[in-house]
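Printed here is run-v2.cif (mmCIF, C-alpha atoms and all ligand atoms):
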```cif
data_model
#
loop_
_atom_site.label_atom_id
_atom_site.label_comp_id
_atom_site.auth_asym_id
_atom_site.auth_seq_id
_atom_site.Cartn_x
_atom_site.Cartn_y
_atom_site.Cartn_z
CA MET A 179 48.40 24.25 -3.93
CA SER A 180 47.23 22.99 -0.56
CA GLN A 181 44.06 20.91 -0.49
CA PRO A 182 41.10 23.24 0.24
CA LYS A 183 38.90 22.53 3.25
CA THR A 184 35.89 20.38 2.34
CA ILE A 185 32.61 22.26 2.14
CA TYR A 186 30.05 19.49 2.18
CA MET A 187 26.70 20.43 0.66
CA ASP A 188 25.67 17.01 -0.64
CA ASN A 189 23.67 15.85 2.37
CA ASN A 190 20.84 14.35 0.28
CA ALA A 191 23.46 11.90 -1.02
CA THR A 192 24.76 11.02 2.42
CA THR A 193 25.56 12.70 5.72
CA ARG A 194 28.43 12.61 8.17
CA VAL A 195 27.89 10.40 11.20
CA ALA A 196 27.19 12.78 14.07
CA PRO A 197 29.92 12.66 16.76
CA GLU A 198 27.29 11.86 19.42
CA VAL A 199 26.06 8.96 17.27
CA LEU A 200 29.55 7.53 16.87
CA GLU A 201 30.20 7.84 20.58
CA THR A 202 26.99 5.97 21.40
CA MET A 203 27.90 3.18 18.97
CA LEU A 204 31.53 2.59 19.98
CA PRO A 205 31.10 0.39 23.09
CA TYR A 206 28.96 -2.03 21.04
CA PHE A 207 31.91 -2.73 18.71
CA SER A 208 34.22 -3.65 21.58
CA GLU A 209 33.16 -4.67 25.08
CA LEU A 210 29.39 -4.98 24.44
CA TYR A 211 29.44 -7.37 21.49
CA GLY A 212 26.70 -9.80 22.55
CA ASN A 213 23.86 -11.07 20.37
CA PRO A 214 20.57 -9.43 21.40
CA SER A 215 18.77 -12.77 20.91
CA SER A 216 20.95 -14.62 23.45
CA MET A 217 19.44 -15.80 26.75
CA HIS A 218 22.37 -14.62 28.88
CA SER A 219 22.52 -11.19 30.45
CA PHE A 220 25.60 -10.25 28.37
CA GLY A 221 23.47 -10.43 25.21
CA ASP A 222 20.49 -9.03 27.00
CA GLN A 223 22.16 -5.66 27.68
CA VAL A 224 22.61 -5.30 23.93
CA GLY A 225 18.94 -6.24 23.50
CA GLY A 226 18.12 -3.40 25.88
CA ALA A 227 20.09 -0.94 23.75
CA VAL A 228 18.27 -2.10 20.58
CA LYS A 229 14.97 -1.66 22.42
CA LYS A 230 15.94 1.90 23.34
CA ALA A 231 16.87 2.64 19.72
CA ARG A 232 13.48 1.31 18.55
CA GLN A 233 11.77 3.68 20.96
CA GLN A 234 13.92 6.64 19.78
CA VAL A 235 12.95 5.95 16.14
CA ALA A 236 9.29 5.54 17.06
CA ASP A 237 9.34 8.83 18.98
CA LEU A 238 10.67 10.76 15.97
CA LEU A 239 7.91 9.32 13.76
CA GLY A 240 5.01 9.50 16.22
CA ALA A 241 4.78 5.69 16.04
CA GLN A 242 4.73 2.71 18.42
CA PRO A 243 8.00 0.78 18.93
CA GLU A 244 6.34 -2.47 17.73
CA GLU A 245 5.71 -0.74 14.39
CA ILE A 246 9.46 -0.29 13.72
CA ILE A 247 11.41 -2.91 11.76
CA PHE A 248 15.16 -2.40 11.35
CA THR A 249 16.45 -3.12 7.84
CA SER A 250 19.75 -2.67 6.00
CA CYS A 251 18.85 0.50 4.04
CA GLY A 252 16.10 2.62 2.53
CA THR A 253 16.11 0.46 -0.60
CA GLU A 254 15.38 -2.70 1.40
CA SER A 255 12.57 -0.92 3.23
CA ASP A 256 11.01 0.19 -0.07
CA SER A 257 11.22 -3.31 -1.57
CA THR A 258 9.85 -4.94 1.57
CA ALA A 259 6.77 -2.69 1.62
CA ILE A 260 5.93 -3.11 -2.05
CA PHE A 261 6.55 -6.87 -2.24
CA SER A 262 4.57 -7.37 0.95
CA ALA A 263 1.53 -5.56 -0.45
CA LEU A 264 1.66 -7.62 -3.63
CA GLN A 265 1.92 -10.89 -1.73
CA VAL A 266 -0.87 -10.32 0.77
CA ALA A 267 -3.34 -9.59 -2.06
CA PRO A 268 -2.04 -11.47 -5.13
CA GLU A 269 -5.24 -10.75 -7.06
CA LYS A 270 -4.42 -7.03 -7.02
CA ARG A 271 -1.94 -6.21 -9.75
CA HIS A 272 -2.04 -2.40 -9.94
CA ILE A 273 0.41 0.05 -8.37
CA VAL A 274 0.24 3.82 -8.25
CA THR A 275 3.49 5.72 -7.98
CA THR A 276 5.08 8.82 -9.55
CA ARG A 277 7.50 9.56 -12.35
CA VAL A 278 9.93 11.19 -9.93
CA GLU A 279 10.54 8.39 -7.40
CA HIS A 280 14.04 7.39 -6.39
CA PRO A 281 15.32 4.36 -8.37
CA ALA A 282 14.72 2.25 -5.24
CA VAL A 283 10.99 2.45 -6.05
CA LYS A 284 11.06 3.39 -9.73
CA ASN A 285 13.25 0.53 -10.92
CA LEU A 286 11.41 -1.96 -8.75
CA CYS A 287 8.02 -0.93 -10.16
CA GLU A 288 9.33 -0.98 -13.72
CA ASN A 289 10.75 -4.50 -13.28
CA LEU A 290 7.92 -6.11 -11.31
CA ASP A 291 6.71 -8.40 -14.08
CA ARG A 292 10.18 -9.91 -14.39
CA LEU A 293 10.66 -10.14 -10.62
CA THR A 294 7.31 -11.70 -9.73
CA GLY A 295 6.40 -13.59 -12.91
CA HIS A 296 3.00 -11.82 -12.89
CA LYS A 297 1.65 -9.03 -15.02
CA HIS A 298 1.31 -5.69 -13.24
CA ARG A 299 -0.11 -2.31 -14.22
CA VAL A 300 1.97 0.55 -12.92
CA THR A 301 0.59 4.08 -13.05
CA GLN A 302 3.42 6.60 -12.77
CA LEU A 303 1.78 9.93 -12.01
CA PRO A 304 3.19 12.92 -13.89
CA VAL A 305 4.28 16.06 -12.04
CA GLU A 306 3.74 19.74 -12.75
CA SER A 307 6.57 21.99 -13.93
CA ASP A 308 7.31 22.93 -10.30
CA GLY A 309 7.56 19.26 -9.34
CA THR A 310 4.24 19.10 -7.46
CA LEU A 311 1.48 16.50 -7.94
CA ASP A 312 -2.09 17.00 -9.09
CA LEU A 313 -4.29 15.35 -6.44
CA LYS A 314 -7.26 15.00 -8.80
CA ARG A 315 -5.13 12.95 -11.16
CA TYR A 316 -4.01 10.84 -8.21
CA GLU A 317 -7.59 10.10 -7.16
CA GLU A 318 -8.51 9.19 -10.72
CA ALA A 319 -5.58 6.76 -10.92
CA LEU A 320 -6.77 4.65 -7.96
CA ALA A 321 -8.58 1.50 -9.08
CA ASP A 322 -10.40 -1.44 -7.48
CA ASP A 323 -7.37 -3.66 -8.04
CA THR A 324 -4.77 -1.15 -6.74
CA ALA A 325 -2.59 -3.13 -4.33
CA ILE A 326 -0.49 -0.24 -3.08
CA VAL A 327 0.31 3.42 -3.58
CA SER A 328 4.02 4.21 -3.25
CA VAL A 329 4.80 7.92 -3.29
CA MET A 330 7.87 9.60 -1.83
CA TRP A 331 7.39 12.16 0.96
CA ALA A 332 10.08 14.49 -0.39
CA ASN A 333 12.06 14.39 -3.60
CA ASN A 334 15.79 13.77 -3.27
CA GLU A 335 16.74 16.01 -6.23
CA THR A 336 14.49 19.05 -5.81
CA GLY A 337 13.35 18.67 -2.20
CA VAL A 338 9.71 19.10 -3.33
CA ILE A 339 7.33 17.78 -0.64
CA PHE A 340 4.24 15.80 -1.64
CA PRO A 341 0.95 16.09 0.34
CA ILE A 342 1.34 12.65 1.93
CA ASP A 343 -1.20 13.28 4.67
CA GLU A 344 -3.97 13.96 2.17
CA MET A 345 -2.87 11.23 -0.22
CA ALA A 346 -2.72 8.59 2.52
CA LYS A 347 -6.20 9.57 3.74
CA ILE A 348 -7.60 9.22 0.22
CA ALA A 349 -6.00 5.76 -0.18
CA LYS A 350 -7.30 4.71 3.22
CA SER A 351 -10.85 5.77 2.32
CA ARG A 352 -10.59 3.44 -0.69
CA GLY A 353 -9.09 0.54 1.35
CA ILE A 354 -5.76 0.76 -0.50
CA LEU A 355 -2.39 0.25 1.21
CA PHE A 356 -0.14 3.33 1.23
CA HIS A 357 3.66 3.37 1.32
CA THR A 358 5.82 6.46 1.45
CA ASP A 359 9.56 6.60 0.86
CA ALA A 360 10.37 9.19 3.51
CA VAL A 361 14.14 8.74 3.23
CA GLN A 362 14.68 12.46 2.51
CA ALA A 363 11.91 13.79 4.73
CA VAL A 364 12.66 12.13 8.07
CA GLY A 365 14.65 14.44 10.32
CA LYS A 366 14.09 17.47 8.08
CA ILE A 367 10.36 18.05 8.46
CA PRO A 368 8.00 17.01 11.27
CA ILE A 369 6.27 13.66 10.74
CA ASN A 370 3.52 12.34 12.99
CA LEU A 371 2.22 8.91 12.04
CA ALA A 372 -0.37 9.07 14.79
CA GLU A 373 -2.17 11.48 12.45
CA THR A 374 -0.95 10.59 8.95
CA PRO A 375 -2.42 7.19 8.12
CA VAL A 376 0.34 5.62 6.01
CA ASP A 377 0.68 1.83 6.24
CA PHE A 378 4.40 1.71 5.42
CA LEU A 379 7.18 4.30 5.65
CA SER A 380 10.86 3.92 4.68
CA VAL A 381 13.80 5.57 6.44
CA SER A 382 17.54 5.42 5.72
CA GLY A 383 20.15 5.95 8.45
CA HIS A 384 22.84 7.58 6.35
CA LYS A 385 20.59 10.48 5.34
CA LEU A 386 20.17 11.63 8.94
CA HIS A 387 23.65 11.39 10.45
CA ALA A 388 23.53 7.68 11.32
CA PRO A 389 25.84 5.21 9.52
CA LYS A 390 25.34 3.68 6.09
CA GLY A 391 23.83 0.21 6.02
CA VAL A 392 20.89 0.67 8.38
CA GLY A 393 17.29 1.53 7.58
CA VAL A 394 13.83 1.34 9.05
CA LEU A 395 10.52 0.16 7.74
CA TYR A 396 7.54 1.43 9.69
CA VAL A 397 4.59 -0.97 9.41
CA ARG A 398 1.34 0.21 10.95
CA LYS A 399 -0.22 -2.16 13.49
CA ARG A 400 -2.65 -4.61 11.88
CA THR A 401 -1.37 -3.90 8.35
CA PRO A 402 -1.14 -7.31 6.64
CA PHE A 403 2.55 -8.06 6.19
CA MET A 404 4.85 -10.59 4.54
CA PRO A 405 8.59 -10.49 5.33
CA PHE A 406 11.07 -9.85 2.53
CA LEU A 407 13.97 -11.64 4.29
CA MET A 408 12.85 -14.95 5.77
CA GLY A 409 15.07 -16.42 8.44
CA GLY A 410 15.30 -16.29 12.22
CA HIS A 411 12.77 -14.77 14.56
CA GLN A 412 14.50 -11.37 14.72
CA GLU A 413 12.30 -8.28 14.48
CA ARG A 414 9.35 -10.45 15.64
CA GLY A 415 9.74 -12.70 12.62
CA ARG A 416 9.31 -9.79 10.21
CA ARG A 417 12.95 -9.51 9.09
CA GLY A 418 15.33 -12.41 9.47
CA GLY A 419 19.05 -11.90 10.11
CA THR A 420 21.09 -11.01 13.19
CA GLU A 421 20.58 -7.35 13.87
CA ASN A 422 23.20 -4.79 12.79
CA VAL A 423 23.36 -3.81 16.44
CA THR A 424 25.90 -0.98 16.35
CA SER A 425 24.21 0.78 13.44
CA ILE A 426 20.75 0.30 14.94
CA ILE A 427 21.97 1.94 18.15
CA GLY A 428 23.45 4.76 16.03
CA MET A 429 20.16 5.11 14.19
CA GLY A 430 18.30 5.49 17.49
CA LYS A 431 20.66 8.22 18.68
CA ALA A 432 20.48 9.97 15.28
CA CYS A 433 16.67 10.04 15.53
CA GLU A 434 16.88 11.56 19.02
CA LEU A 435 19.27 14.24 17.68
CA ALA A 436 17.06 14.85 14.65
CA ALA A 437 14.07 15.52 16.91
CA ASN A 438 16.19 18.04 18.86
CA ASN A 439 17.55 19.64 15.66
CA MET A 440 14.23 19.90 13.82
CA ARG A 441 13.85 23.57 14.71
CA ARG A 442 17.38 24.35 13.50
CA GLU A 443 16.68 22.53 10.20
CA ASN A 444 13.70 24.79 9.69
CA THR A 445 15.36 28.03 10.82
CA THR A 446 19.17 28.12 10.56
CA VAL A 447 19.52 25.59 7.74
CA ARG A 448 16.63 27.11 5.81
CA LEU A 449 18.12 30.61 6.14
CA LEU A 450 21.52 29.43 4.90
CA ARG A 451 19.87 27.59 2.00
CA ASP A 452 17.87 30.70 1.10
CA LYS A 453 20.95 32.93 1.28
CA LEU A 454 22.80 30.58 -1.07
CA GLU A 455 19.87 30.26 -3.46
CA ASN A 456 18.99 33.95 -3.59
CA GLY A 457 22.66 34.88 -3.94
CA LEU A 458 23.11 32.57 -6.92
CA LEU A 459 19.87 33.63 -8.61
CA LYS A 460 20.87 37.29 -8.17
CA ARG A 461 24.54 37.08 -9.12
CA VAL A 462 24.38 34.67 -12.05
CA PRO A 463 22.19 35.61 -15.04
CA ASN A 464 20.09 32.89 -16.74
CA THR A 465 19.76 30.87 -13.54
CA LEU A 466 16.51 29.12 -12.64
CA LEU A 467 15.16 27.39 -9.55
CA ASN A 468 13.94 23.81 -10.08
CA GLY A 469 11.02 22.88 -7.84
CA HIS A 470 8.29 24.62 -5.87
CA LYS A 471 9.72 27.51 -3.85
CA GLU A 472 7.71 26.85 -0.68
CA GLU A 473 6.66 23.19 -0.71
CA ARG A 474 10.24 22.09 -0.27
CA LEU A 475 12.67 20.60 2.22
CA PRO A 476 14.44 23.36 4.15
CA ASN A 477 17.91 22.06 3.25
CA THR A 478 17.64 21.58 -0.52
CA THR A 479 18.06 23.88 -3.49
CA ASN A 480 18.28 22.75 -7.10
CA VAL A 481 19.32 25.49 -9.50
CA SER A 482 19.97 25.38 -13.24
CA PHE A 483 22.69 27.45 -14.82
CA GLU A 484 21.49 27.62 -18.41
CA TYR A 485 23.79 26.66 -21.28
CA VAL A 486 26.50 24.95 -19.19
CA GLU A 487 27.08 21.34 -18.20
CA GLY A 488 26.43 20.41 -14.57
CA GLU A 489 29.30 17.92 -14.60
CA ALA A 490 31.75 20.65 -15.64
CA ILE A 491 30.49 22.88 -12.84
CA LEU A 492 30.96 20.07 -10.32
CA LEU A 493 34.56 19.51 -11.43
CA HIS A 494 35.34 23.19 -10.88
CA LEU A 495 33.58 23.20 -7.50
CA ASP A 496 35.55 20.12 -6.52
CA ARG A 497 38.80 22.01 -7.05
CA TYR A 498 37.58 24.48 -4.42
CA GLY A 499 36.68 21.62 -2.05
CA ILE A 500 32.93 22.17 -2.59
CA CYS A 501 30.78 19.00 -2.75
CA ALA A 502 27.41 19.17 -4.53
CA SER A 503 25.50 17.06 -7.09
CA SER A 504 24.34 17.54 -10.65
CA GLY A 505 21.04 16.61 -12.23
CA SER A 506 22.60 14.97 -15.25
CA ALA A 507 24.57 11.77 -15.31
CA CYS A 508 27.27 11.75 -17.92
CA THR A 509 28.85 8.64 -16.41
CA SER A 510 26.71 6.66 -18.84
CA GLY A 511 28.18 8.73 -21.67
CA SER A 512 24.70 9.85 -22.68
CA LEU A 513 24.60 13.14 -20.75
CA GLU A 514 20.97 12.38 -20.08
CA PRO A 515 19.26 14.79 -17.66
CA SER A 516 17.74 13.23 -14.55
CA HIS A 517 14.31 11.56 -14.81
CA VAL A 518 13.04 14.06 -12.22
CA LEU A 519 13.93 17.16 -14.25
CA ARG A 520 12.62 15.48 -17.41
CA ALA A 521 9.31 14.71 -15.70
CA MET A 522 9.09 18.41 -14.74
CA GLY A 523 9.67 19.38 -18.36
CA VAL A 524 12.79 21.44 -17.59
CA PRO A 525 14.19 22.51 -21.00
CA PHE A 526 17.41 20.74 -21.92
CA THR A 527 19.44 23.96 -21.86
CA ALA A 528 18.60 24.24 -18.16
CA ALA A 529 18.34 20.54 -17.19
CA HIS A 530 21.92 19.86 -18.23
CA GLY A 531 23.23 22.67 -16.03
CA SER A 532 21.40 21.76 -12.84
CA ILE A 533 23.20 21.62 -9.51
CA ARG A 534 21.77 20.43 -6.20
CA PHE A 535 23.10 21.84 -2.95
CA SER A 536 21.80 20.00 0.12
CA LEU A 537 22.79 21.47 3.46
CA SER A 538 22.85 20.21 7.04
CA VAL A 539 23.15 21.63 10.54
CA TYR A 540 26.94 21.38 10.13
CA ASN A 541 27.11 24.05 7.39
CA THR A 542 28.03 27.65 8.18
CA GLU A 543 27.41 31.11 6.72
CA ASP A 544 31.12 31.38 5.83
CA GLU A 545 30.72 28.33 3.63
CA VAL A 546 27.75 29.87 1.84
CA ASP A 547 29.72 33.09 1.31
CA TYR A 548 32.64 31.10 -0.08
CA ILE A 549 30.39 29.38 -2.66
CA LEU A 550 28.82 32.71 -3.60
CA GLU A 551 32.32 34.09 -4.21
CA LYS A 552 33.68 31.11 -6.18
CA LEU A 553 30.76 29.87 -8.26
CA PRO A 554 29.69 32.92 -10.37
CA PRO A 555 33.12 33.27 -12.08
CA VAL A 556 33.10 29.50 -12.80
CA ILE A 557 29.77 29.81 -14.62
CA ALA A 558 30.97 32.88 -16.54
CA LYS A 559 34.11 31.01 -17.63
CA LEU A 560 32.19 27.90 -18.71
CA ARG A 561 29.71 30.00 -20.65
CA GLU A 562 32.53 31.67 -22.56
CA MET A 563 33.41 28.20 -23.84
CA SER A 564 29.82 27.03 -24.44
CA PRO A 565 28.53 26.99 -28.06
CA PHE A 566 24.98 26.97 -26.62
CA TRP A 567 25.66 30.22 -24.74
CA ALA A 568 26.91 31.88 -27.92
CA ASP A 569 23.78 30.71 -29.77
CA ARG A 570 21.36 31.29 -26.91
CA ASP A 571 19.17 33.76 -28.79
CA LYS A 572 18.55 31.17 -31.51
CA ILE A 573 17.68 28.40 -29.05
CA ALA A 574 15.84 30.54 -26.47
CA GLY A 575 12.84 28.73 -25.00
CA GLY A 576 14.77 25.55 -24.52
CA GLY A 577 14.96 24.11 -28.00
CA SER A 578 14.91 20.38 -28.39
CA CYS A 579 17.44 18.03 -26.98
CA GLY A 580 19.29 16.33 -29.76
CA SER A 581 21.93 14.83 -27.51
CA CYS A 582 20.24 12.55 -25.05
CA GLY A 583 17.02 11.18 -26.48
CA CYS A 584 15.02 12.53 -23.56
CA GLY A 585 12.30 13.77 -25.86
CA LYS A 586 12.53 17.37 -24.64
N1 LIG A 601 14.82 6.84 -1.41
C1 LIG A 601 15.28 8.08 -1.54
C2 LIG A 601 14.32 9.21 -1.73
C3 LIG A 601 16.65 8.34 -1.51
O1 LIG A 601 17.11 9.59 -1.65
C4 LIG A 601 17.54 7.25 -1.34
C5 LIG A 601 19.00 7.46 -1.36
O2 LIG A 601 19.49 8.37 -2.02
C6 LIG A 601 16.99 5.96 -1.17
C7 LIG A 601 15.64 5.80 -1.22
C8 LIG A 601 17.87 4.77 -0.96
O3 LIG A 601 18.35 4.71 0.37
P1 LIG A 601 19.56 3.74 0.72
O4 LIG A 601 20.79 4.35 0.16
O5 LIG A 601 19.58 3.69 2.22
O6 LIG A 601 19.23 2.42 0.13
#
```

Would you mind giving the structure from this file in C-alpha cells?
Ligand code: PLP
Amino acid sequence: MSQPKTIYMDNNATTRVAPEVLETMLPYFSELYGNPSSMHSFGDQVGGAVKKARQQVADLLGAQPEEIIFTSCGTESDSTAIFSALQVAPEKRHIVTTRVEHPAVKNLCENLDRLTGHKHRVTQLPVESDGTLDLKRYEEALADDTAIVSVMWANNETGVIFPIDEMAKIAKSRGILFHTDAVQAVGKIPINLAETPVDFLSVSGHKLHAPKGVGVLYVRKRTPFMPFLMGGHQERGRRGGTENVTSIIGMGKACELAANNMRRENTTVRLLRDKLENGLLKRVPNTLLNGHKEERLPNTTNVSFEYVEGEAILLHLDRYGICASSGSACTSGSLEPSHVLRAMGVPFTAAHGSIRFSLSVYNTEDEVDYILEKLPPVIAKLREMSPFWADRDKIAGGGSCGSCGCGK
C-alpha cells in the first residue's frame, strides 16, 4: 500500500515552518552570518534584521519593541517570568495558577520548594466541567503575599480561553504581578497588550509557523525583572547568550504573517474546525465535546469517543496519514487521562477516548471530508472489540476509573 498523504491536524503540538518564514531565514544561515553584537557593519546588518523581528513581534502583541525578550522556547519564557517574580520579592511566597496549565508552568510550580530551597504556597485553581474558570474563586485566592499569578491564555488540549483581560486587571488592582502563558493564543486570537495589563507573556515560535527553539518573553516596561540566564549584555542584559539569529528573524516574519492571517484563523479555520466537529458529533454516537463551545480557540476541537482508547484511535488514524493527539498518555503504561480532562471531571469512559484535532491555515475542506469518511468506521470497529462498550448500560454515567488512579 502506498504511503497516504499526511493530513496534519496536530498544530497545537507544533506547526510547519511557513515557506515565507523559511525564505526570510535562509540568507542568515549562509552569507549573512555575522554576530549582531559586533561593531563592524557586517554584524550590524544582522543586528538590523533582529531589530526588525523585535518590531514585528511587538506589533502582533500591541507592545513596544523594548518589551520583547527573545528566548529559546515557551518553557524558558514561563520559567523566566515566574523565577523573576519570586526573586524581586523574596518575602512573597504565594503563587496562583490553575490545575490545567501546561507542564511548563505546572511542573515548575509543583517543584518550586525543591528548586528554590524556600517554602511556597501554590494555589491551583479548579476549573468547571466546560474547562472555564470561576472568577470569584480567583479573586478569593489572591493574598497579600501573592508574588505572581500565572494563568494560561488558552488551553493547549481543549482550546478553552481564559478571561485574561479581566484577571490581569484584578491582579493589577491588588498590586500583584501577572504572567500569562499565551503560547497557544498568540496568532490565533487578537491580543493587545496596550489594553490588557499583563506584566509577562510567553510565546513559542513553533506554535505559529516559526521554527522550534525560539520563544519570546514580553516584559512590560517598569516591571521589576531578574534575568534567568545571566551572561553577556544581549537582550539589554535581560537574557545572556548569543542570539539565535536565524530563528529570531523567522519568528518576526511568522508574527507578521500571523497578523495578516488572523481573520482567516477566525473565519476559514473556524469553519473547517466546526465542520469536522459537527460531523463527528453527528455521525458517531456517544461522542462528546470537551471544553466550552464558544470560549475556545478557533482551530481546536477536543472530542471524546466514549468506551474506546484514544491511543488505539490514533494508531488507526496514523495508518490513514492523519495526525492528531489523544488526551491520555499510555506511554507511561498507566493509561492515565490528561490532567486537564481530569480537572474538568470528564468521566473515565470519555476521558480515555479523547482526541484533539488542531487545525491551521494550511488545512483544507477535502482533508476534513476525508477524516469524516475514515474515522466513524474506526470507532465502530474499536467499539465492537471494547468490553466497556458491551457493558455500557451497566457503567453509564461514567463509573469509576479502576485503571489509572485518577480518582474519577
Ligand atoms: N505552554 C503551552 C500552553 C504549550 O502548549 C506549550 C507547548 O506545547 C508550551 C508552553 C511549551 O512551549 P515550548 O515547546 O516552546 O517550550

Pick from A:Asn480, A:Thr202, A:Thr358, A:Thr310, whichever lies nearest to ligand LIG 601 (chain A) using all atoms listed in the file: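 The shortest atom-to-atom distance to ligand LIG 601 (chain A) comes from A:Thr358.
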
6 Å shell around ligand LIG 601 (chain A) using only C-alpha atoms and all ligand atoms, listed as an NGL selection string: :A and (191 or 251-253 or 280 or 282 or 333-334 or 359 or 361-362 or 382)

Option closest in space to Val423 (chain A), from A:Val392, A:Val278, A:Leu264, A:Ala259 [counting all atoms listed in the file]: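 Closest to Val423 (chain A) of all the choices is A:Val392.
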
Among listed residues A:Leu371, A:Ile549, A:Val274, A:Ala196, nearest Gly499 (chain A) (using only C-alpha atoms): A:Ile549

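Separating CA of Phe248 (chain A) from CA of Ile426 (chain A) is a distance of 7.2 Å.
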
Nearest to Ile354 (chain A) by atom-to-atom distance, counting all atoms listed in the file, from A:Ala372, A:Leu475, A:Met330, A:Leu320: A:Leu320

Using all atoms listed in the file: which of A:Ala227, A:Ala432, A:Val539, A:Ile533 has the shortest distance to Cys501 (chain A):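 With all atoms listed in the file as the atom set, the closest residue is A:Ile533.
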
Top pick for closest residue to Val224 (chain A), considering A:Asn422, A:Gly240, A:Gly410, A:Val376 and counting only C-alpha atoms: A:Asn422

Exercise: Cys433 (chain A) partners within 8 Å, all atoms listed in the file, chain neighbours under 6 positions left out, as JSON, numbers by chain: {"A": [234, 235, 238, 365, 386]}

Spatial neighbours of Thr542 (chain A), 12 Å, only C-alpha atoms, chain gap at least 6 places, as a PyMOL selection string: chain A and resi 185-187+446-451+453-454+548-549

How about completing region 370-388 of chain A with N, CA and C atoms and giving it to me as a PDB file, keeping the file's coordinate frame?
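Result file part_5.pdb:
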```pdb
ATOM      1  N   ASN A 370       4.261  12.906  11.862  1.00  0.00           N
ATOM      2  CA  ASN A 370       3.520  12.340  12.990  1.00  0.00           C
ATOM      3  C   ASN A 370       2.569  11.262  12.473  1.00  0.00           C
ATOM      4  N   LEU A 371       3.000  10.015  12.606  1.00  0.00           N
ATOM      5  CA  LEU A 371       2.220   8.910  12.040  1.00  0.00           C
ATOM      6  C   LEU A 371       0.990   8.578  12.878  1.00  0.00           C
ATOM      7  N   ALA A 372       0.872   9.234  14.036  1.00  0.00           N
ATOM      8  CA  ALA A 372      -0.370   9.070  14.790  1.00  0.00           C
ATOM      9  C   ALA A 372      -1.500   9.763  14.026  1.00  0.00           C
ATOM     10  N   GLU A 373      -1.142  10.723  13.191  1.00  0.00           N
ATOM     11  CA  GLU A 373      -2.170  11.480  12.450  1.00  0.00           C
ATOM     12  C   GLU A 373      -2.173  11.206  10.960  1.00  0.00           C
ATOM     13  N   THR A 374      -1.036  10.843  10.405  1.00  0.00           N
ATOM     14  CA  THR A 374      -0.950  10.590   8.950  1.00  0.00           C
ATOM     15  C   THR A 374      -1.041   9.088   8.721  1.00  0.00           C
ATOM     16  N   PRO A 375      -2.141   8.629   8.097  1.00  0.00           N
ATOM     17  CA  PRO A 375      -2.420   7.190   8.120  1.00  0.00           C
ATOM     18  C   PRO A 375      -1.705   6.374   7.030  1.00  0.00           C
ATOM     19  N   VAL A 376      -0.375   6.488   6.950  1.00  0.00           N
ATOM     20  CA  VAL A 376       0.340   5.620   6.010  1.00  0.00           C
ATOM     21  C   VAL A 376       0.434   4.219   6.616  1.00  0.00           C
ATOM     22  N   ASP A 377       0.510   3.208   5.751  1.00  0.00           N
ATOM     23  CA  ASP A 377       0.680   1.830   6.240  1.00  0.00           C
ATOM     24  C   ASP A 377       2.158   1.487   6.370  1.00  0.00           C
ATOM     25  N   PHE A 378       2.965   1.986   5.423  1.00  0.00           N
ATOM     26  CA  PHE A 378       4.400   1.710   5.420  1.00  0.00           C
ATOM     27  C   PHE A 378       5.155   3.018   5.214  1.00  0.00           C
ATOM     28  N   LEU A 379       6.335   3.122   5.847  1.00  0.00           N
ATOM     29  CA  LEU A 379       7.180   4.300   5.650  1.00  0.00           C
ATOM     30  C   LEU A 379       8.650   3.862   5.722  1.00  0.00           C
ATOM     31  N   SER A 380       9.435   4.308   4.739  1.00  0.00           N
ATOM     32  CA  SER A 380      10.860   3.920   4.680  1.00  0.00           C
ATOM     33  C   SER A 380      11.768   5.037   5.183  1.00  0.00           C
ATOM     34  N   VAL A 381      12.796   4.631   5.923  1.00  0.00           N
ATOM     35  CA  VAL A 381      13.800   5.570   6.440  1.00  0.00           C
ATOM     36  C   VAL A 381      15.186   4.998   6.129  1.00  0.00           C
ATOM     37  N   SER A 382      16.164   5.871   5.936  1.00  0.00           N
ATOM     38  CA  SER A 382      17.540   5.420   5.720  1.00  0.00           C
ATOM     39  C   SER A 382      18.455   6.141   6.711  1.00  0.00           C
ATOM     40  N   GLY A 383      19.295   5.365   7.414  1.00  0.00           N
ATOM     41  CA  GLY A 383      20.150   5.950   8.450  1.00  0.00           C
ATOM     42  C   GLY A 383      21.118   6.988   7.929  1.00  0.00           C
ATOM     43  N   HIS A 384      21.738   6.702   6.771  1.00  0.00           N
ATOM     44  CA  HIS A 384      22.840   7.580   6.350  1.00  0.00           C
ATOM     45  C   HIS A 384      22.388   8.923   5.807  1.00  0.00           C
ATOM     46  N   LYS A 385      21.069   9.147   5.749  1.00  0.00           N
ATOM     47  CA  LYS A 385      20.590  10.480   5.340  1.00  0.00           C
ATOM     48  C   LYS A 385      20.329  11.356   6.557  1.00  0.00           C
ATOM     49  N   LEU A 386      20.443  10.778   7.756  1.00  0.00           N
ATOM     50  CA  LEU A 386      20.170  11.630   8.940  1.00  0.00           C
ATOM     51  C   LEU A 386      21.240  11.465  10.015  1.00  0.00           C
ATOM     52  N   HIS A 387      22.480  11.378   9.558  1.00  0.00           N
ATOM     53  CA  HIS A 387      23.650  11.390  10.450  1.00  0.00           C
ATOM     54  C   HIS A 387      23.825  10.116  11.265  1.00  0.00           C
ATOM     55  N   ALA A 388      23.223   9.015  10.804  1.00  0.00           N
ATOM     56  CA  ALA A 388      23.530   7.680  11.320  1.00  0.00           C
ATOM     57  C   ALA A 388      24.417   7.010  10.263  1.00  0.00           C
TER      58      ALA A 388
END
```
